[in-house]
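entry_25.cif follows (mmCIF, C-alpha atoms):
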```
data_my_file
loop_
_atom_site.group_PDB
_atom_site.id
_atom_site.type_symbol
_atom_site.label_atom_id
_atom_site.label_comp_id
_atom_site.auth_asym_id
_atom_site.auth_seq_id
_atom_site.Cartn_x
_atom_site.Cartn_y
_atom_site.Cartn_z
ATOM 1 C CA MET A 104 36.549 -26.154 11.561
ATOM 2 C CA ASN A 105 40.205 -25.229 11.613
ATOM 3 C CA LYS A 106 41.248 -22.110 9.654
ATOM 4 C CA LYS A 107 43.982 -24.115 7.916
ATOM 5 C CA VAL A 108 41.421 -26.616 6.603
ATOM 6 C CA ILE A 109 39.177 -23.830 5.333
ATOM 7 C CA SER A 110 42.172 -22.167 3.675
ATOM 8 C CA PHE A 111 43.256 -25.352 1.860
ATOM 9 C CA PHE A 112 39.670 -26.069 0.826
ATOM 10 C CA SER A 113 39.059 -22.546 -0.478
ATOM 11 C CA PHE A 114 42.314 -22.368 -2.417
ATOM 12 C CA GLY A 115 41.744 -25.827 -3.891
ATOM 13 C CA PHE A 116 38.227 -24.888 -4.945
ATOM 14 C CA LEU A 117 39.534 -21.681 -6.538
ATOM 15 C CA LEU A 118 42.148 -23.633 -8.504
ATOM 16 C CA ILE A 119 39.545 -26.140 -9.686
ATOM 17 C CA VAL A 120 37.310 -23.321 -10.925
ATOM 18 C CA ILE A 121 40.227 -21.627 -12.704
ATOM 19 C CA GLY A 122 41.264 -24.969 -14.208
ATOM 20 C CA ALA A 123 37.724 -25.619 -15.454
ATOM 21 C CA ILE A 124 37.636 -22.181 -17.059
ATOM 22 C CA GLY A 125 41.030 -22.954 -18.571
ATOM 23 C CA LYS A 126 39.672 -26.189 -20.052
ATOM 24 C CA ILE A 127 36.867 -24.225 -21.693
ATOM 25 C CA PHE A 128 39.367 -21.797 -23.213
ATOM 26 C CA LYS A 129 41.818 -24.648 -24.039
ATOM 27 C CA TRP A 130 44.727 -23.324 -21.979
ATOM 28 C CA ASN A 131 47.846 -25.494 -22.073
ATOM 29 C CA GLN A 132 48.260 -25.574 -18.284
ATOM 30 C CA ALA A 133 44.612 -26.188 -17.388
ATOM 31 C CA ASN A 134 45.257 -29.826 -16.414
ATOM 32 C CA VAL A 135 48.088 -28.809 -14.095
ATOM 33 C CA ILE A 136 45.889 -26.216 -12.406
ATOM 34 C CA LEU A 137 43.059 -28.748 -12.002
ATOM 35 C CA ALA A 138 45.432 -31.352 -10.575
ATOM 36 C CA THR A 139 46.897 -28.848 -8.118
ATOM 37 C CA GLY A 140 43.390 -27.918 -7.000
ATOM 38 C CA LEU A 141 42.545 -31.577 -6.443
ATOM 39 C CA VAL A 142 45.716 -32.015 -4.386
ATOM 40 C CA PHE A 143 44.732 -29.087 -2.168
ATOM 41 C CA GLU A 144 41.238 -30.538 -1.764
ATOM 42 C CA THR A 145 42.709 -33.906 -0.794
ATOM 43 C CA VAL A 146 45.004 -32.275 1.743
ATOM 44 C CA ALA A 147 42.035 -30.404 3.211
ATOM 45 C CA VAL A 148 40.015 -33.613 3.571
ATOM 46 C CA LEU A 149 42.936 -35.483 5.140
ATOM 47 C CA LEU A 150 43.647 -32.610 7.511
ATOM 48 C CA PHE A 151 39.971 -32.428 8.489
ATOM 49 C CA ALA A 152 39.869 -36.187 9.115
ATOM 50 C CA TRP A 153 43.095 -36.048 11.138
ATOM 51 C CA ILE A 154 41.716 -33.278 13.356
ATOM 52 C CA LYS A 155 38.468 -35.204 13.898
ATOM 53 C CA ILE A 156 40.326 -38.437 14.739
ATOM 54 C CA LYS A 157 42.676 -36.693 17.163
ATOM 55 C CA GLY A 158 39.746 -34.931 18.786
ATOM 56 C CA ASP A 159 41.396 -31.504 18.970
ATOM 57 C CA GLU A 160 38.178 -29.702 18.169
#
```

Before we go any further, please render this structure as structure tokens.
Amino acid sequence: MNKKVISFFSFGFLLIVIGAIGKIFKWNQANVILATGLVFETVAVLLFAWIKIKGDE
């Protein structure tokens, strides 16, 4: 797997975990952090699919 895909996936997962912890503690920006994490996860999936379709790997 491409290092860029792993990086996006890891950072997105980290943001989702931080956002979930924020929801537990009722932080005001928890939804924004969760949404940003989901965006990074979506980018990682799209990037992974694009690499597989192009056949670079």

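Applied to the file shown here, the PyMOL selection byres ((chain A and resi 141-153) around 8) selects Met104, Asn105, Val108, Ile109, Phe111, Phe112, Phe114, Gly115, Phe116, Ile119, Leu137, Ala138, Thr139, Gly140, Ile154, Lys155, Ile156 and Lys157 of chain A.
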
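Put simply, CA of Ser113 (chain A) is 18.2 Å away from CA of Gly125 (chain A).
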
Report task. Quote the spacing between CA of Gly122 (chain A) and CA of Val135 (chain A) in Å to one decimal place. Result ->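 CA of Gly122 (chain A) sits 7.8 Å away from CA of Val135 (chain A).
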
Show me, as JSON, the centre and edge lengths in Å to one decimal of the axis-aligned box that covers every listed atom of region 109-125 of chain A with 3 Å on each side.
```
{"center_x": 40.3, "center_y": -23.9, "center_z": -6.6, "size_x": 11.9, "size_y": 10.5, "size_z": 29.9}
```

Report task. Have a look at CA of Ala133 (chain A) and CA of Lys107 (chain A) and let me know their distance in Å, one decimal. Result -> 25.4 Å
